[in-house]
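To start, the structure itself, in structure tokens.
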Number of protein chains: 4
Amino acid sequence: MQSRTPAGGRTPAGRTGRPRSAAADAAILAATREALVELGWSGLTLGDVALRAGVAKTTVYRRWQGKSELVTDALATLFDELVLPDRGSLRADIEGVVLQFARLLEQPATKTALMAVVAEATHDEALRGRIREKIVGRQKRLVVEGRRRAQQRGEIPDDSTDPGPQIDLIFDVIAGAVVHRTLVSCEPVDTDWAARFTTVLLDGLAVAGG
Amino acid sequence: MQSRTPAGGRTPAGRTGRPRSAAADAAILAATREALVELGWSGLTLGDVALRAGVAKTTVYRRWQGKSELVTDALATLFDELVLPDRGSLRADIEGVVLQFARLLEQPATKTALMAVVAEATHDEALRGRIREKIVGRQKRLVVEGRRRAQQRGEIPDDSTDPGPQIDLIFDVIAGAVVHRTLVSCEPVDTDWAARFTTVLLDGLAVAGG
Amino acid sequence: MQSRTPAGGRTPAGRTGRPRSAAADAAILAATREALVELGWSGLTLGDVALRAGVAKTTVYRRWQGKSELVTDALATLFDELVLPDRGSLRADIEGVVLQFARLLEQPATKTALMAVVAEATHDEALRGRIREKIVGRQKRLVVEGRRRAQQRGEIPDDSTDPGPQIDLIFDVIAGAVVHRTLVSCEPVDTDWAARFTTVLLDGLAVAGG
Amino acid sequence: MQSRTPAGGRTPAGRTGRPRSAAADAAILAATREALVELGWSGLTLGDVALRAGVAKTTVYRRWQGKSELVTDALATLFDELVLPDRGSLRADIEGVVLQFARLLEQPATKTALMAVVAEATHDEALRGRIREKIVGRQKRLVVEGRRRAQQRGEIPDDSTDPGPQIDLIFDVIAGAVVHRTLVSCEPVDTDWAARFTTVLLDGLAVAGG
DNA sequence: CTTTAAGCGAGACGGTACGTCTAGTCTTGTT
DNA sequence: AACAAGACTAGACGTACCGTCTCGCTTAAAG
């Protein structure tokens, strides 16, 4: 039995035989993203991905256990695009991250894949771990970074207690609101909505009205 | 061509032929909920649902176009359980709805089905409409009702401008945060989290810290 | 339970209630012949026959037990066309019946139906009886009649022993040869073949050569 | 697109991929013969054949287009059992082939299948060709061989004109009579009938009486 | 001139097989 | 060893027909 992970840096370890093709990894992930756009999650088949990638089905199964794992990794490559430039204020930074995240979720591959792997993960512990590691973790760092900047600017107090729970809370509120607006309510996240959301988040309903 | 919707109240219209069995409708929806719990979305088969319901496969397909439509309707019956008792204050009402929604999402049938139908809906306009009509719309009324009570109590101003956008925003923030916490971050929504979330929502980060 | 036979002359028997429509019987048999031509045996469905006849499926099943019985009766109406005019000699009479039978078997409805009901009859005793009664019997009378004429003309001796076995033999040789030539070997039965066949039948291989 | 014919000798041709299992071919044909005996033509299903053969349904459909083609090939394996030992005279050879053919047609698998594939063939040109190639052609060689022997013995003249039409005629008379007697008239072909049939065939009605 | 019992068109019903598709695995020969 | 190709088992897919049933309406003969 072999390792069933992408090729990166395994061949150096004193293995014999033909090394795995790194080109195949890339081709498969690209084909997966392409197929997600055209067919959606439920229409995507590993046989079709292999065909698009110009690769045998065995070559896909040698690296990934199944559809969920492959799509999770393909999705991760899309989340790598997220960055958060410093816009000078906490309000601007929040609006920035909201809009950037919304733009990511507007891509057909992202929206169809994200909900699908989350759905699969509800009854697959290993997949939950993979999603947390490769997708959720990456986004959470943006919240940590934004908070650090706001504290440096003095916009929020530099609380000495464990900030973890509060970071998790804010992360769920921001990401959850954008995802829900985009995918469940199916409404666009534009600059106006981002501004109104940021106002509620910063000032609360008591002040903002509701 | 026939209607492909559940039986409710179509027979009265001077139709000929044997009327559809209302008992079959109920049995199929119950079997769907049961199968969702045991098998999850991806393991659920319409053939198996028919078997559990003691019904022929054709009887399922006569009423629903496919898995997504059937599960959406089964899911809607679960969301119908949501009610919002008046707990005396806006803060208590929000905490109440958060906890009740979280409890709904902890049920295996709900969590596995909700994300899956949303994923399918990303490339199926008709399904988006069905979700909006049967699930999202029904929940939004809870927000409208909570807001009305808070205004009656004087907790928030009785704004005369169109409240629609603000209601949508609050709905997405509350539902999104709970869904994201539960299904993406995979952390429990307990009374402590509900209290902290409500504080952020009512008072904002500037006051609550973050 | 009702009689499950076509309508003819049952209503007189002191029955109450609406009598069966004789028009429906005829329409169903006509639709069956039509469908046999277009779709062949295996493509023919009773639902489609009912549709073509402008009749409900129940109306078909009330009269016939199934496809085999219905097609057998439809086939019998085609075999009713067979007649054998006196052509003045045994040789001419045989050539006449061969050509007329061949012309019947060239009709698409006949050829496709005859073999099919015979195939079904191999494992259905009741169907064998129905075929013998409605189809085979009718043809055999032609052989009896031809033999009687030949004896009157003095072409063959007026044997006093039981002629049954010999009639059966000649019937199987004539009908079998035509059916086999037409449907199994798929070659046409023309006047030349009919003449050569008649020569062998009358004079034998020893004289005719072979 | 692949060939949809049994496995025999295709792999040698410099093909890639796993070769088709010859064992599967044999198991499927054996299962088909078995199922024909138990269920008859109309009761036979390709799914059941696959089950009996211990093979997946796709493995059957990869080799045969459908029921008719599969049964034709299974039937051909039964007709391969026919041989014609030299019994010393034309009369004895004819009686021998008649009885042997009759014995073949008494097997449940043969009788139910032969008529059924002929019925299907009436509206399927390709199937007609397959039957001619695999079944009719093989039997015709028995007539050719019997004729050659009779000529060597001097029982019939060694005609120099094209013997094809006469062979076809005799073949249709013999095979047709036996098939018709067995399957349409549903009477047994015993030694007595075989002797009377042979007398008519050799000496003709004018001598044999009729 | 009403009963009344059966026939009728329509179409839903529980079943079963269809022929196709995909999942994952296995078996070739080649690189 | 990995690779491309493609056959393999297993089983769900959505459709079509089967033969039965349940409706409400029609139709003729019996009372």
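Each chain in the structure tokens gets a letter, A, B and so on, in the order shown; residues start at 1 in every chain, and ligands are counted from 1 in the order they appear.
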
For segment 156-167 of chain B, list every protein, DNA or RNA residue within 9 Å, evaluated using only C-alpha atoms (C1' of nucleotides), and leave out those in the same chain fewer than 5 positions away; present the list as a list in words.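 Once the nearby chain positions are removed, what remains is Trp193, Arg196, Leu205, Ala206, Val207, Gly209 and Gly210 of chain A; Leu90, Lys140, Val143, Val144, Arg147, Arg148, Ala150, Gln151 and Asp172 of chain B.
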
Only N, CA and C atoms, please: the residues just picked out, written as a JSON list (two decimals), in the first residue's frame.
[["chain", "number", "residue", "atom", "x", "y", "z"],
["A", 193, "TRP", "N", -23.49, 46.43, 0.94],
["A", 193, "TRP", "CA", -23.76, 45.41, 1.96],
["A", 193, "TRP", "C", -22.56, 45.27, 2.88],
["A", 196, "ARG", "N", -22.64, 48.06, 5.40],
["A", 196, "ARG", "CA", -23.68, 47.90, 6.42],
["A", 196, "ARG", "C", -23.33, 46.76, 7.38],
["A", 205, "LEU", "N", -26.23, 46.21, 16.93],
["A", 205, "LEU", "CA", -27.59, 46.55, 16.53],
["A", 205, "LEU", "C", -28.15, 47.70, 17.34],
["A", 206, "ALA", "N", -27.76, 47.77, 18.63],
["A", 206, "ALA", "CA", -28.32, 48.78, 19.52],
["A", 206, "ALA", "C", -28.06, 50.17, 18.97],
["A", 207, "VAL", "N", -26.88, 50.35, 18.36],
["A", 207, "VAL", "CA", -26.55, 51.65, 17.79],
["A", 207, "VAL", "C", -26.98, 51.71, 16.32],
["A", 209, "GLY", "N", -29.18, 50.13, 14.76],
["A", 209, "GLY", "CA", -30.61, 49.93, 14.45],
["A", 209, "GLY", "C", -30.80, 48.55, 13.86],
["A", 210, "GLY", "N", -32.03, 48.04, 13.89],
["A", 210, "GLY", "CA", -32.26, 46.69, 13.36],
["A", 210, "GLY", "C", -33.70, 46.34, 13.56],
["B", 90, "LEU", "N", -34.72, 41.66, 23.77],
["B", 90, "LEU", "CA", -34.09, 41.37, 22.49],
["B", 90, "LEU", "C", -32.92, 40.42, 22.68],
["B", 140, "LYS", "N", -36.87, 33.50, 7.94],
["B", 140, "LYS", "CA", -36.74, 34.95, 7.98],
["B", 140, "LYS", "C", -37.85, 35.59, 8.82],
["B", 143, "VAL", "N", -36.90, 36.49, 12.31],
["B", 143, "VAL", "CA", -36.18, 37.75, 12.48],
["B", 143, "VAL", "C", -37.18, 38.91, 12.49],
["B", 144, "VAL", "N", -38.13, 38.87, 11.54],
["B", 144, "VAL", "CA", -39.13, 39.93, 11.47],
["B", 144, "VAL", "C", -39.89, 40.04, 12.79],
["B", 147, "ARG", "N", -37.72, 41.45, 15.64],
["B", 147, "ARG", "CA", -37.52, 42.87, 15.47],
["B", 147, "ARG", "C", -38.77, 43.66, 15.92],
["B", 148, "ARG", "N", -39.94, 43.14, 15.53],
["B", 148, "ARG", "CA", -41.19, 43.82, 15.89],
["B", 148, "ARG", "C", -41.33, 43.93, 17.42],
["B", 150, "ALA", "N", -38.91, 43.83, 19.66],
["B", 150, "ALA", "CA", -37.90, 44.74, 20.21],
["B", 150, "ALA", "C", -38.33, 46.18, 20.04],
["B", 151, "GLN", "N", -38.94, 46.49, 18.89],
["B", 151, "GLN", "CA", -39.41, 47.86, 18.67],
["B", 151, "GLN", "C", -40.55, 48.18, 19.62],
["B", 172, "ASP", "N", -28.79, 36.93, 7.74],
["B", 172, "ASP", "CA", -27.57, 36.28, 7.26],
["B", 172, "ASP", "C", -26.50, 36.22, 8.35]]

Using only C-alpha atoms and a cut-off of 8 Å, which residues of chain B sit close to chain A? Please list them as a ChimeraX atom specification. /B:40-42,111-116,118-120,122-123,128,132,136,147,155-157,159,163,166-167,169-170,172-181,183-186,193,197,200-207,209-210

Which is closest to chain D among E:DT31, E:DT20, E:DT2, E:DT25, if we use only C-alpha atoms (C1' of nucleotides)?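 Smallest distance to chain D is found for E:DT20.
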
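The chain F residues that come within 10 Å of chain C are DC17, DC18, DG19, DT20, DT26, DT27, DA28, DA29 and DA30 of chain F, with only C-alpha atoms (C1' of nucleotides) taken into account.
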
Kindly provide the residues of chain E that approach chain C to within 6 Å, each paired with its closest atom pair and their distance in Å to one decimal, based on only C-alpha atoms (C1' of nucleotides), listed by chain and increasing number, as CSV.
residue,atom,partner,partner_atom,distance
E:DA5,C1',C:Gly17,CA,4.4
E:DA6,C1',C:Gly17,CA,4.0
E:DG7,C1',C:Arg18,CA,5.4
E:DG9,C1',C:Ala56,CA,5.5
